$ cat query38.csv   # CSV, C-alpha atoms and all ligand atoms
chain,number,residue,atom,x,y,z
A,26,MET,CA,21.0,33.6,2.0
A,27,GLU,CA,18.8,30.9,3.3
A,28,THR,CA,19.2,27.5,1.7
A,29,ILE,CA,16.5,24.8,1.5
A,30,TYR,CA,18.4,22.9,4.2
A,31,ASP,CA,18.0,25.8,6.6
A,32,ILE,CA,14.3,26.0,6.0
A,33,LEU,CA,13.5,22.3,6.2
A,34,LYS,CA,15.6,21.9,9.3
A,35,ALA,CA,13.7,24.8,11.0
A,36,GLU,CA,10.4,23.1,10.1
A,37,HIS,CA,11.7,19.7,11.3
A,38,ASP,CA,12.4,21.3,14.7
A,39,GLN,CA,8.9,22.8,14.8
A,40,MET,CA,7.4,19.5,13.8
A,41,ALA,CA,9.2,17.6,16.5
A,42,ASP,CA,7.9,20.1,19.1
A,43,LEU,CA,4.3,19.9,17.8
A,44,LEU,CA,4.5,16.1,17.9
A,45,GLN,CA,5.7,16.2,21.4
A,46,GLN,CA,2.8,18.4,22.3
A,47,ALA,CA,0.3,16.2,20.5
A,48,LEU,CA,1.6,13.2,22.5
A,49,ARG,CA,1.5,15.1,25.7
A,50,ASP,CA,-2.1,16.4,25.5
A,51,SER,CA,-3.6,13.8,23.1
A,52,SER,CA,-5.9,16.4,21.6
A,53,LYS,CA,-7.2,16.5,18.1
A,54,VAL,CA,-6.3,20.2,17.9
A,55,SER,CA,-2.6,19.4,18.6
A,56,PHE,CA,-2.7,16.6,16.0
A,57,LEU,CA,-4.1,19.0,13.4
A,58,LYS,CA,-1.2,21.4,14.0
A,59,VAL,CA,1.1,18.6,13.2
A,60,LYS,CA,-0.8,17.8,10.0
A,61,LEU,CA,-0.8,21.5,9.0
A,62,LYS,CA,2.9,21.6,9.3
A,63,ALA,CA,3.6,18.1,7.8
A,64,ASP,CA,1.4,18.1,4.8
A,65,PRO,CA,2.9,21.1,2.9
A,66,HIS,CA,6.4,20.2,4.1
A,67,MET,CA,6.2,16.8,2.5
A,68,MET,CA,4.5,18.2,-0.6
A,69,GLY,CA,7.1,20.9,-1.0
A,70,GLU,CA,10.0,18.4,-0.6
A,71,GLU,CA,8.4,16.1,-3.2
A,72,LYS,CA,7.8,19.0,-5.6
A,73,PHE,CA,11.1,20.9,-5.4
A,74,PHE,CA,13.7,19.1,-3.4
A,75,TYR,CA,13.5,15.3,-4.0
A,76,PRO,CA,13.2,15.6,-7.9
A,77,VAL,CA,16.6,17.4,-8.2
A,78,LEU,CA,18.2,14.6,-6.1
A,79,GLU,CA,16.6,11.6,-7.8
A,80,GLY,CA,19.0,11.7,-10.8
A,81,GLU,CA,22.1,11.6,-8.6
A,82,ASP,CA,23.8,8.3,-8.3
A,83,LYS,CA,24.4,8.5,-4.6
A,84,LEU,CA,21.0,9.8,-3.8
A,85,SER,CA,18.4,7.9,-5.8
A,86,GLU,CA,18.0,5.1,-3.3
A,87,LEU,CA,17.9,7.4,-0.4
A,88,VAL,CA,15.2,9.5,-2.1
A,89,SER,CA,13.0,6.5,-3.0
A,90,HIS,CA,13.3,5.4,0.7
A,91,ALA,CA,12.3,9.0,1.7
A,92,TYR,CA,9.2,8.8,-0.5
A,93,GLU,CA,8.3,5.5,1.3
A,94,GLU,CA,8.6,7.1,4.6
A,95,HIS,CA,6.5,10.1,3.5
A,96,ASN,CA,3.8,7.6,2.4
A,97,GLU,CA,3.9,5.9,5.7
A,98,ALA,CA,3.4,9.2,7.5
A,99,LYS,CA,0.6,10.2,5.1
A,100,VAL,CA,-1.3,7.0,5.8
A,101,LEU,CA,-1.0,7.5,9.5
A,102,ILE,CA,-2.1,11.1,9.3
A,103,TYR,CA,-5.1,10.1,7.1
A,104,GLU,CA,-6.0,7.3,9.7
A,105,ILE,CA,-5.7,9.6,12.7
A,106,GLU,CA,-7.7,12.4,11.0
A,107,GLY,CA,-10.6,10.0,10.8
A,108,MET,CA,-10.4,9.1,14.4
A,109,ASP,CA,-11.8,10.6,17.5
A,110,GLU,CA,-9.4,11.8,20.2
A,111,ARG,CA,-11.3,9.6,22.7
A,112,ASP,CA,-10.7,6.5,20.7
A,113,GLU,CA,-8.7,4.0,22.8
A,114,GLU,CA,-6.2,3.7,19.9
A,115,TRP,CA,-5.6,7.4,19.7
A,116,THR,CA,-2.4,7.7,21.8
A,117,ALA,CA,-0.9,4.6,20.2
A,118,LYS,CA,-1.5,6.1,16.7
A,119,ILE,CA,0.0,9.5,17.7
A,120,SER,CA,3.0,7.7,19.1
A,121,GLU,CA,3.4,5.7,15.9
A,122,LEU,CA,3.2,8.9,13.9
A,123,LYS,CA,5.8,10.6,16.1
A,124,GLN,CA,8.2,7.6,15.8
A,125,SER,CA,7.7,7.5,12.0
A,126,ILE,CA,8.3,11.2,11.5
A,127,ASP,CA,11.2,11.5,14.0
A,128,HIS,CA,12.9,8.6,12.3
A,129,HIS,CA,12.4,10.2,8.8
A,130,ILE,CA,13.7,13.6,10.0
A,131,GLU,CA,16.8,11.9,11.4
A,132,GLU,CA,17.5,10.1,8.2
A,133,GLU,CA,16.7,13.2,6.1
A,134,GLU,CA,19.0,15.4,8.0
A,135,GLY,CA,21.7,12.8,8.6
A,136,LYS,CA,21.9,11.3,5.1
A,137,VAL,CA,19.9,13.1,2.5
A,138,PHE,CA,21.0,16.7,3.4
A,139,GLU,CA,24.6,15.6,3.8
A,140,ARG,CA,24.8,14.0,0.4
A,141,ALA,CA,22.7,16.7,-1.3
A,142,GLN,CA,25.1,19.3,-0.1
A,143,GLY,CA,27.8,17.4,-1.9
A,144,VAL,CA,26.0,17.5,-5.2
A,145,LEU,CA,24.0,20.7,-5.2
A,146,SER,CA,25.6,24.1,-5.5
A,147,GLN,CA,24.9,26.8,-2.9
A,148,GLU,CA,23.0,28.8,-5.6
A,149,LYS,CA,20.8,25.8,-6.4
A,150,ALA,CA,20.1,25.2,-2.7
A,151,GLU,CA,19.0,28.9,-2.4
A,152,GLU,CA,16.9,28.7,-5.5
A,153,ILE,CA,15.0,25.6,-4.2
A,154,ALA,CA,14.5,27.5,-0.9
A,155,LYS,CA,12.8,30.3,-2.8
A,156,GLN,CA,10.5,27.9,-4.7
A,157,TYR,CA,9.7,26.2,-1.5
A,158,ILE,CA,8.9,29.4,0.3
A,159,GLU,CA,6.6,30.6,-2.5
A,160,PHE,CA,4.8,27.2,-2.6
A,161,LYS,CA,4.3,27.3,1.2
A,162,ARG,CA,3.0,30.8,1.0
A,163,SER,CA,0.4,30.0,-1.5
A,164,TYR,CA,-0.5,26.8,0.3
A,165,MET,CA,-1.1,28.6,3.5
A,166,ASN,CA,-3.1,31.3,1.7
A,167,ARG,CA,-5.4,28.6,0.2
A,168,ILE,CA,-5.9,27.1,3.7
A,169,GLU,CA,-7.0,30.5,5.0
A,170,THR,CA,-9.3,31.2,2.1
A,171,GLY,CA,-10.7,27.7,2.2
A,172,GLU,CA,-9.8,27.0,-1.4
A,173,SER,CA,-9.3,23.5,-2.6
A,174,LEU,CA,-5.7,22.2,-2.1
A,175,THR,CA,-5.7,19.7,-5.0
B,201,FE,FE,11.7,17.0,5.8
B,202,FE,FE,10.9,14.4,4.1
$ encode --input "query38.csv" --output "C-alpha cells"
Amino acid sequence: METIYDILKAEHDQMADLLQQALRDSSKVSFLKVKLKADPHMMGEEKFFYPVLEGEDKLSELVSHAYEEHNEAKVLIYEIEGMDERDEEWTAKISELKQSIDHHIEEEEGKVFERAQGVLSQEKAEEIAKQYIEFKRSYMNRIETGESLT
C-alpha cells in the first residue's frame, strides 16, 4: 500500500515540473497551477504529517524548520498572487518561489522522510496517507464547488 512518503514525493515531482513551467512561460495561469498544488500539499503536511513527527527527538528541530520554510513559501505565494504577470518583478519573484520550494523539497525528502521512516511504522505511514488523500479530495471538491476553504 501507498505510504505518505510515496504520495508526497509524487506531488513534489509534479510541483517541480509546474514551477519549471511557471518560470518558462511567466504566466499567471502557470503560477496558479503551482499554488493549487502547493496550498493543499503544505496544509495536508501540517495537518497530518508534521504533528506526528514533532514529538520525536530527532525530528522536532527539522519539523520546526520545515514550518518556517512553508511560511516563506506561503508569503511568496501570497505576494505573487497579488501581482500582475506583466510586473517587472514577476519573473524574479517566481524564481525566488522556485528556489524556496525546490530547497524545501530537497530537505524534506533528504532529511525529514529519512528520519521519519526510522520512527514511524509502515502501518502509520499508510494511515497518514489515507488521511492525506481524504483531506486532499475534500479540498479539491471545495475548490470545484467554490466553497470557502477556511
Ligand atoms: Fe512536501
Ligand atoms: Fe513541506
$ residues_near_ligand --input "query38.csv" --ligand "ligand FE 201 (chain B)" --cutoff "12 Å" --atoms "all atoms listed in the file" --output "VMD selection string"
chain A and resid 29 to 41 62 to 71 73 to 75 88 91 to 92 94 to 95 98 126 to 138 157
$ closest_residue --input "query38.csv" --among "A:Ser85, A:Asn96, A:Ser51, A:Thr116" --to "ligand FE 202 (chain B)" --atoms "only C-alpha atoms and all ligand atoms"
A:Asn96
$ residues_around --input "query38.csv" --residues "Glu151 of chain A" --least-positions-apart "3" --cutoff "7 Å" --atoms "only C-alpha atoms" --output "PyMOL selection string"
chain A and resi 26-29+147-148+154-155
$ atom_distance --input "query38.csv" --atom1 "atom CA of Glu114 of chain A" --atom2 "atom CA of Leu61 of chain A"
21.6 Å
$ closest_residue --input "query38.csv" --among "A:Asp42, A:Glu93, A:Asp50, A:Asp82" --to "ligand FE 202 (chain B)" --atoms "all atoms listed in the file"
A:Glu93
$ closest_residue --input "query38.csv" --among "A:Arg162, A:Lys99, A:Arg167, A:Lys118" --to "ligand FE 202 (chain B)" --atoms "only C-alpha atoms and all ligand atoms"
A:Lys99
$ atom_distance --input "query38.csv" --atom1 "atom CA of Leu145 of chain A" --atom2 "atom CA of Tyr164 of chain A"
25.8 Å
$ closest_residue --input "query38.csv" --among "A:His90, A:Lys72, A:Met165, A:Ile119" --to "Val59 of chain A" --atoms "only C-alpha atoms"
A:Ile119
$ atom_distance --input "query38.csv" --atom1 "atom CA of Leu78 of chain A" --atom2 "atom CA of Val144 of chain A"
8.4 Å
$ closest_residue --input "query38.csv" --among "A:Tyr103, A:Asp112, A:Leu43, A:Ser125" --to "ligand FE 202 (chain B)" --atoms "only C-alpha atoms and all ligand atoms"
A:Ser125
$ axis_aligned_box --input "query38.csv" --around "segment 63-72 of chain A" --padding-each-side "6 Å" --output "JSON"
{"center_x": 5.7, "center_y": 18.6, "center_z": 1.1, "size_x": 20.6, "size_y": 17.0, "size_z": 25.4}
